[in-house]
2 protein chains.
Amino acid sequence: MASNDFNLSDFLPYRLSVLAARMSKELSKVYGEPYGLSTPEWRVLTHVAHREKMSVREIRVSVSLDKPSVSRAVAKLEKAGLLAKSTCARDHRLLEIEVTEKGLEVFHRIAPEALAFEEAVLNAFSAQEREQLDALLTRLQDVLDAQTGTG
Amino acid sequence: MASNDFNLSDFLPYRLSVLAARMSKELSKVYGEPYGLSTPEWRVLTHVAHREKMSVREIRVSVSLDKPSVSRAVAKLEKAGLLAKSTCARDHRLLEIEVTEKGLEVFHRIAPEALAFEEAVLNAFSAQEREQLDALLTRLQDVLDAQTGTG
DNA sequence: TTAGAATCGTTTCACTTGCAACGAATAGCC
DNA sequence: GGCTATTCGTTGCAAGTGAAACGATTCTAA
């Protein structure tokens with residue numbers, strides 16, 4: 001029976017899950033304890049750091065989090081003074097969320113460390129292998145998009 | 001300033017995290033609603049399905065979950081009659097956990113679907129690309145092991 | 001205009017998680 | 001042998017998560 005061959009450690013969804021969890025945990029040492037940021041907060045800050053005003057909805061799709069997570073992350077970041085909220089004049093349902101100077105400052109302290117972490121991991125790979133990895137991950141993403149609907 | 005280049009959607013930890021989350025969510029449709037299994041339960045059942053008696057500790061390292069998660073998963077699977085717990089005669093601290101006939105039956109219904117899901121994803125890749133993907137993921141795992149200590 | 005549908009962000013609530021504390025059992029050491 | 005340290009699995013608890021409900025606002029269409 002074929003399912004007797006089933007080996008969790010070779011199973012792609014499991015491997016990806018374990019890998020992603022470990023990497024996220026390592027990375028969180030950069031922004032977590034030192035700056036008191038959670039993963040959603042780090043993602044939101046990172047995205048908002050592009051300096052454009054944006055709504056919760058725009059952030060949500062860009063950082064792959066659900067509405068409540070973004071809402072809470074924004075609330076905490078605002079409380080910490082890292083971003084500013086105001087209601088959009090043209091549409092009072094929308095928020096205009098914008099990074100503050102303090103937020104940018106924090107971001108510019110974290111980002112290089114985050115990139116250094118990524119670089120430390122990718123150091124084990126040649127330029128060609130990096131391209132392969134990039135391409136394969138993109139393809140995986142595309143396959144899932146095609147199967148699921150781009151949700 | 002280099003950190004202005006920071007783009008979350010190109011950032012490896014983020015990409016892996018999003019990819020793994022989506023794939024896990026898709027996969028969970030196979031074992032989740034139909035069989036009432038959570039992800040920890042699915043992993044534990046899968047590992048125990050090898051038919052060997054094993055302790056919580058052994059399961060834990062094999063399925064990348066922490067102690068409480070395995071303990072709770074085992075408790076629920078036992079309640080559902082999919083595995084059996086007994087205390088080890090040689091060491092009363094240890095449990096001997098073993099899959100039941102019913103557990104095997106459920107496993108043999110789920111596993112082919114899980115493999116089919118994996119296959120459907122990997123269908124987009126050539127044999128060579130699959131090997132590349134396998135090798136790259138293994139290397140990533142190794143790099144993290146080396147940096148972290150094999151946890 | 002003006003009702004009804006849709007969208008936005010927040011909040012509620014039930015559920016899951018993971019760390020730490022715990023009791024039970026064994027191993028190590030004097 | 002007895003005392004301490006360690007390991008095992010469970011449980012308590014606080015924090016995080018996501019689906020659904022909610023009020024507020026805007027859009028649609030008559």
# chains A, B, ... in the order shown; residues from 1 in each chain; ligands from 1

call {"tool": "closest_atom_pairs", "arguments": {"of": "range 71-109 of chain B", "to": "range 5-29 of chain C", "cutoff": "8 Å", "atoms": "only C-alpha atoms (C1' of nucleotides)", "output": "Markdown table"}}
result
| residue | atom | partner | partner_atom | distance |
| --- | --- | --- | --- | --- |
| B:Asp91 | CA | C:DT26 | C1' | 7.4 |
| B:His92 | CA | C:DA25 | C1' | 6.2 |
| B:Arg93 | CA | C:DA25 | C1' | 5.3 |

call {"tool": "write_last_selection", "arguments": {"atoms": "C-alpha atoms", "output": "CSV table (one decimal), in the first residue's frame"}}
result
chain,number,residue,atom,x,y,z
B,91,ASP,CA,10.4,3.1,32.7
B,92,HIS,CA,7.1,4.3,34.2
B,93,ARG,CA,7.8,7.9,33.2

call {"tool": "residues_around", "arguments": {"residues": "Val48 in chain B", "least_positions_apart": "3", "cutoff": "9 Å", "atoms": "only C-alpha atoms (C1' of nucleotides)", "output": "number ranges by chain"}}
result
B: 43-45, 51-54, 59, 83, 97-99

call {"tool": "write_last_selection", "arguments": {"atoms": "C-alpha atoms", "output": "PDB file, in the first residue's frame"}}
result
ATOM      1  CA  ARG B  43       1.420  14.979  12.216  1.00  0.00           C
ATOM      2  CA  VAL B  44       1.334  12.707  15.237  1.00  0.00           C
ATOM      3  CA  LEU B  45      -0.943  10.186  13.568  1.00  0.00           C
ATOM      4  CA  ARG B  51       3.462   0.971  13.714  1.00  0.00           C
ATOM      5  CA  GLU B  52       6.259   1.239  16.230  1.00  0.00           C
ATOM      6  CA  LYS B  53       5.614   1.948  19.850  1.00  0.00           C
ATOM      7  CA  MET B  54       7.080   5.294  20.799  1.00  0.00           C
ATOM      8  CA  ILE B  59       7.231  11.819  18.559  1.00  0.00           C
ATOM      9  CA  LEU B  83      -4.066   5.380  18.973  1.00  0.00           C
ATOM     10  CA  ILE B  97       2.058   5.107  22.098  1.00  0.00           C
ATOM     11  CA  GLU B  98       0.823   2.924  19.322  1.00  0.00           C
ATOM     12  CA  VAL B  99      -1.523   3.321  16.414  1.00  0.00           C
TER      13      VAL B  99
END

call {"tool": "closest_atom_pairs", "arguments": {"of": "chain A", "to": "chain B", "cutoff": "9 Å", "atoms": "only C-alpha atoms", "output": "JSON lines"}}
result
{"residue": "A:Met1", "atom": "CA", "partner": "B:His108", "partner_atom": "CA", "distance": 8.4}
{"residue": "A:Ala2", "atom": "CA", "partner": "B:Pro112", "partner_atom": "CA", "distance": 7.5}
{"residue": "A:Ser3", "atom": "CA", "partner": "B:Ala111", "partner_atom": "CA", "distance": 5.4}
{"residue": "A:Asn4", "atom": "CA", "partner": "B:His50", "partner_atom": "CA", "distance": 7.5}
{"residue": "A:Phe6", "atom": "CA", "partner": "B:Ala111", "partner_atom": "CA", "distance": 6.9}
{"residue": "A:Asn7", "atom": "CA", "partner": "B:His47", "partner_atom": "CA", "distance": 7.8}
{"residue": "A:Leu8", "atom": "CA", "partner": "B:His47", "partner_atom": "CA", "distance": 7.0}
{"residue": "A:Ser9", "atom": "CA", "partner": "B:Ser62", "partner_atom": "CA", "distance": 7.9}
{"residue": "A:Asp10", "atom": "CA", "partner": "B:Asp134", "partner_atom": "CA", "distance": 8.8}
{"residue": "A:Phe11", "atom": "CA", "partner": "B:Glu118", "partner_atom": "CA", "distance": 7.6}
{"residue": "A:Leu12", "atom": "CA", "partner": "B:Glu118", "partner_atom": "CA", "distance": 6.7}
{"residue": "A:Pro13", "atom": "CA", "partner": "B:Met23", "partner_atom": "CA", "distance": 6.0}
{"residue": "A:Tyr14", "atom": "CA", "partner": "B:Ser24", "partner_atom": "CA", "distance": 7.8}
{"residue": "A:Arg15", "atom": "CA", "partner": "B:Leu137", "partner_atom": "CA", "distance": 7.7}
{"residue": "A:Leu16", "atom": "CA", "partner": "B:Ala20", "partner_atom": "CA", "distance": 5.2}
{"residue": "A:Ser17", "atom": "CA", "partner": "B:Ala20", "partner_atom": "CA", "distance": 4.9}
{"residue": "A:Val18", "atom": "CA", "partner": "B:Ser64", "partner_atom": "CA", "distance": 6.9}
{"residue": "A:Leu19", "atom": "CA", "partner": "B:Gln141", "partner_atom": "CA", "distance": 6.4}
{"residue": "A:Ala20", "atom": "CA", "partner": "B:Ser17", "partner_atom": "CA", "distance": 4.9}
{"residue": "A:Ala21", "atom": "CA", "partner": "B:Ser17", "partner_atom": "CA", "distance": 7.1}
{"residue": "A:Arg22", "atom": "CA", "partner": "B:Leu144", "partner_atom": "CA", "distance": 7.6}
{"residue": "A:Met23", "atom": "CA", "partner": "B:Pro13", "partner_atom": "CA", "distance": 6.0}
{"residue": "A:Ser24", "atom": "CA", "partner": "B:Pro13", "partner_atom": "CA", "distance": 6.1}
{"residue": "A:Glu26", "atom": "CA", "partner": "B:Thr148", "partner_atom": "CA", "distance": 8.0}
{"residue": "A:Leu27", "atom": "CA", "partner": "B:Pro13", "partner_atom": "CA", "distance": 7.7}
{"residue": "A:Arg43", "atom": "CA", "partner": "B:Leu8", "partner_atom": "CA", "distance": 7.5}
{"residue": "A:Thr46", "atom": "CA", "partner": "B:Leu8", "partner_atom": "CA", "distance": 7.0}
{"residue": "A:His47", "atom": "CA", "partner": "B:Leu8", "partner_atom": "CA", "distance": 7.0}
{"residue": "A:Ala49", "atom": "CA", "partner": "B:Asn4", "partner_atom": "CA", "distance": 8.2}
{"residue": "A:His50", "atom": "CA", "partner": "B:Asn4", "partner_atom": "CA", "distance": 7.6}
{"residue": "A:Ser62", "atom": "CA", "partner": "B:Ser9", "partner_atom": "CA", "distance": 7.9}
{"residue": "A:Val63", "atom": "CA", "partner": "B:Leu8", "partner_atom": "CA", "distance": 7.6}
{"residue": "A:Ser64", "atom": "CA", "partner": "B:Val18", "partner_atom": "CA", "distance": 7.0}
{"residue": "A:Phe107", "atom": "CA", "partner": "B:Ser3", "partner_atom": "CA", "distance": 8.1}
{"residue": "A:His108", "atom": "CA", "partner": "B:Ser3", "partner_atom": "CA", "distance": 6.0}
{"residue": "A:Arg109", "atom": "CA", "partner": "B:Ser3", "partner_atom": "CA", "distance": 8.6}
{"residue": "A:Ile110", "atom": "CA", "partner": "B:Ser3", "partner_atom": "CA", "distance": 8.6}
{"residue": "A:Ala111", "atom": "CA", "partner": "B:Ser3", "partner_atom": "CA", "distance": 5.5}
{"residue": "A:Pro112", "atom": "CA", "partner": "B:Ser3", "partner_atom": "CA", "distance": 5.8}
{"residue": "A:Leu115", "atom": "CA", "partner": "B:Phe6", "partner_atom": "CA", "distance": 7.9}
{"residue": "A:Glu118", "atom": "CA", "partner": "B:Leu12", "partner_atom": "CA", "distance": 6.7}
{"residue": "A:Ala120", "atom": "CA", "partner": "B:Val143", "partner_atom": "CA", "distance": 8.9}
{"residue": "A:Val121", "atom": "CA", "partner": "B:Val143", "partner_atom": "CA", "distance": 6.3}
{"residue": "A:Leu122", "atom": "CA", "partner": "B:Leu140", "partner_atom": "CA", "distance": 8.2}
{"residue": "A:Ala124", "atom": "CA", "partner": "B:Val143", "partner_atom": "CA", "distance": 7.2}
{"residue": "A:Phe125", "atom": "CA", "partner": "B:Arg139", "partner_atom": "CA", "distance": 8.5}
{"residue": "A:Glu129", "atom": "CA", "partner": "B:Leu136", "partner_atom": "CA", "distance": 7.8}
{"residue": "A:Gln132", "atom": "CA", "partner": "B:Gln132", "partner_atom": "CA", "distance": 7.6}
{"residue": "A:Leu133", "atom": "CA", "partner": "B:Leu136", "partner_atom": "CA", "distance": 6.8}
{"residue": "A:Asp134", "atom": "CA", "partner": "B:Leu12", "partner_atom": "CA", "distance": 8.7}
{"residue": "A:Leu136", "atom": "CA", "partner": "B:Leu133", "partner_atom": "CA", "distance": 6.8}
{"residue": "A:Leu137", "atom": "CA", "partner": "B:Arg15", "partner_atom": "CA", "distance": 7.8}
{"residue": "A:Thr138", "atom": "CA", "partner": "B:Arg15", "partner_atom": "CA", "distance": 8.9}
{"residue": "A:Arg139", "atom": "CA", "partner": "B:Ala124", "partner_atom": "CA", "distance": 7.9}
{"residue": "A:Leu140", "atom": "CA", "partner": "B:Val121", "partner_atom": "CA", "distance": 7.3}
{"residue": "A:Gln141", "atom": "CA", "partner": "B:Leu19", "partner_atom": "CA", "distance": 6.4}
{"residue": "A:Val143", "atom": "CA", "partner": "B:Val121", "partner_atom": "CA", "distance": 6.4}
{"residue": "A:Leu144", "atom": "CA", "partner": "B:Val121", "partner_atom": "CA", "distance": 7.3}
{"residue": "A:Gln147", "atom": "CA", "partner": "B:Val121", "partner_atom": "CA", "distance": 8.6}
{"residue": "A:Thr148", "atom": "CA", "partner": "B:Glu26", "partner_atom": "CA", "distance": 8.0}

call {"tool": "select_by_dssp", "arguments": {"residues": "chain A", "states": "strand (DSSP E)", "output": "list in words"}}
result
Leu83, Ala84, Lys85, Ser86, Thr87, Leu95, Glu96, Ile97, Glu98 and Val99 of chain A

call {"tool": "closest_atom_pairs", "arguments": {"of": "chain A", "to": "chain D", "cutoff": "12 Å", "atoms": "only C-alpha atoms (C1' of nucleotides)", "output": "JSON lines"}}
result
{"residue": "A:Ser38", "atom": "CA", "partner": "D:DG16", "partner_atom": "C1'", "distance": 9.9}
{"residue": "A:Thr39", "atom": "CA", "partner": "D:DG16", "partner_atom": "C1'", "distance": 10.9}
{"residue": "A:Pro40", "atom": "CA", "partner": "D:DG16", "partner_atom": "C1'", "distance": 10.7}
{"residue": "A:Leu65", "atom": "CA", "partner": "D:DG18", "partner_atom": "C1'", "distance": 10.2}
{"residue": "A:Asp66", "atom": "CA", "partner": "D:DG18", "partner_atom": "C1'", "distance": 7.7}
{"residue": "A:Lys67", "atom": "CA", "partner": "D:DG18", "partner_atom": "C1'", "distance": 9.2}
{"residue": "A:Pro68", "atom": "CA", "partner": "D:DG18", "partner_atom": "C1'", "distance": 7.9}
{"residue": "A:Ser69", "atom": "CA", "partner": "D:DT17", "partner_atom": "C1'", "distance": 8.0}
{"residue": "A:Val70", "atom": "CA", "partner": "D:DT17", "partner_atom": "C1'", "distance": 11.7}
{"residue": "A:Arg72", "atom": "CA", "partner": "D:DG16", "partner_atom": "C1'", "distance": 11.0}
{"residue": "A:Ala73", "atom": "CA", "partner": "D:DG16", "partner_atom": "C1'", "distance": 11.8}
{"residue": "A:Thr87", "atom": "CA", "partner": "D:DT25", "partner_atom": "C1'", "distance": 11.5}
{"residue": "A:Cys88", "atom": "CA", "partner": "D:DT25", "partner_atom": "C1'", "distance": 11.5}
{"residue": "A:Ala89", "atom": "CA", "partner": "D:DT25", "partner_atom": "C1'", "distance": 11.9}
{"residue": "A:Arg90", "atom": "CA", "partner": "D:DT26", "partner_atom": "C1'", "distance": 10.2}
{"residue": "A:Asp91", "atom": "CA", "partner": "D:DT26", "partner_atom": "C1'", "distance": 7.4}
{"residue": "A:His92", "atom": "CA", "partner": "D:DT25", "partner_atom": "C1'", "distance": 6.3}
{"residue": "A:Arg93", "atom": "CA", "partner": "D:DT25", "partner_atom": "C1'", "distance": 5.4}
{"residue": "A:Leu94", "atom": "CA", "partner": "D:DT25", "partner_atom": "C1'", "distance": 9.0}

call {"tool": "atom_distance", "arguments": {"atom1": "CA of Ala84 in chain A", "atom2": "CA of Ala116 in chain A"}}
result
28.3 Å

call {"tool": "select_by_dssp", "arguments": {"residues": "range 16-94 of chain B", "states": "helix (DSSP H, G or I)", "output": "compact mmCIF listing (two decimals) with C-alpha atoms, in the first residue's frame"}}
result
# COMPACT_ATOMS: atom_id res chain seq x y z
CA LEU B 16 8.78 31.09 3.19
CA SER B 17 6.35 31.97 5.92
CA VAL B 18 3.62 32.96 3.50
CA LEU B 19 4.22 29.98 1.29
CA ALA B 20 4.21 27.51 4.15
CA ALA B 21 1.07 29.01 5.62
CA ARG B 22 -0.81 28.80 2.37
CA MET B 23 0.27 25.27 1.68
CA SER B 24 -0.60 24.15 5.19
CA LYS B 25 -3.98 25.73 4.91
CA GLU B 26 -4.67 23.99 1.62
CA LEU B 27 -3.46 20.68 2.93
CA SER B 28 -5.54 20.94 6.06
CA LYS B 29 -8.62 20.67 3.91
CA VAL B 30 -7.63 17.05 3.42
CA TYR B 31 -7.46 16.04 7.07
CA GLY B 32 -9.19 18.91 8.83
CA GLU B 33 -12.88 19.16 8.27
CA PRO B 34 -13.31 15.64 6.85
CA TYR B 35 -11.68 13.85 9.77
CA THR B 39 -2.35 19.87 12.25
CA PRO B 40 -0.57 18.53 15.36
CA GLU B 41 -2.92 15.55 15.38
CA TRP B 42 -2.32 14.86 11.72
CA ARG B 43 1.42 14.98 12.22
CA VAL B 44 1.33 12.71 15.24
CA LEU B 45 -0.94 10.19 13.57
CA THR B 46 1.29 10.17 10.53
CA HIS B 47 4.36 9.47 12.54
CA VAL B 48 2.79 6.86 14.77
CA VAL B 56 5.91 11.44 23.48
CA ARG B 57 9.50 12.54 23.41
CA GLU B 58 10.29 10.51 20.31
CA ILE B 59 7.23 11.82 18.56
CA ARG B 60 8.04 15.37 19.55
CA VAL B 61 11.39 15.49 17.81
CA SER B 62 10.06 13.71 14.74
CA VAL B 63 7.17 16.03 14.11
CA LYS B 67 5.74 18.82 24.41
CA PRO B 68 2.31 20.23 25.25
CA SER B 69 1.16 20.08 21.64
CA VAL B 70 2.11 16.44 21.31
CA SER B 71 0.60 15.61 24.67
CA ARG B 72 -2.69 17.20 23.72
CA ALA B 73 -2.69 15.69 20.25
CA VAL B 74 -2.07 12.23 21.68
CA ALA B 75 -4.86 12.73 24.20
CA LYS B 76 -7.33 13.67 21.51
CA LEU B 77 -6.28 10.89 19.16
CA GLU B 78 -6.62 8.37 21.97
CA LYS B 79 -10.07 9.67 22.79

call {"tool": "atom_distance", "arguments": {"atom1": "CA of Leu37 in chain A", "atom2": "CA of Glu101 in chain A"}}
result
17.0 Å

call {"tool": "closest_residue", "arguments": {"among": "A:Leu95, A:Gln128, A:Ala146, A:Glu105", "to": "chain C", "atoms": "only C-alpha atoms (C1' of nucleotides)"}}
result
A:Leu95

call {"tool": "atom_distance", "arguments": {"atom1": "CA of Ser126 in chain A", "atom2": "CA of Ser126 in chain B"}}
result
21.4 Å
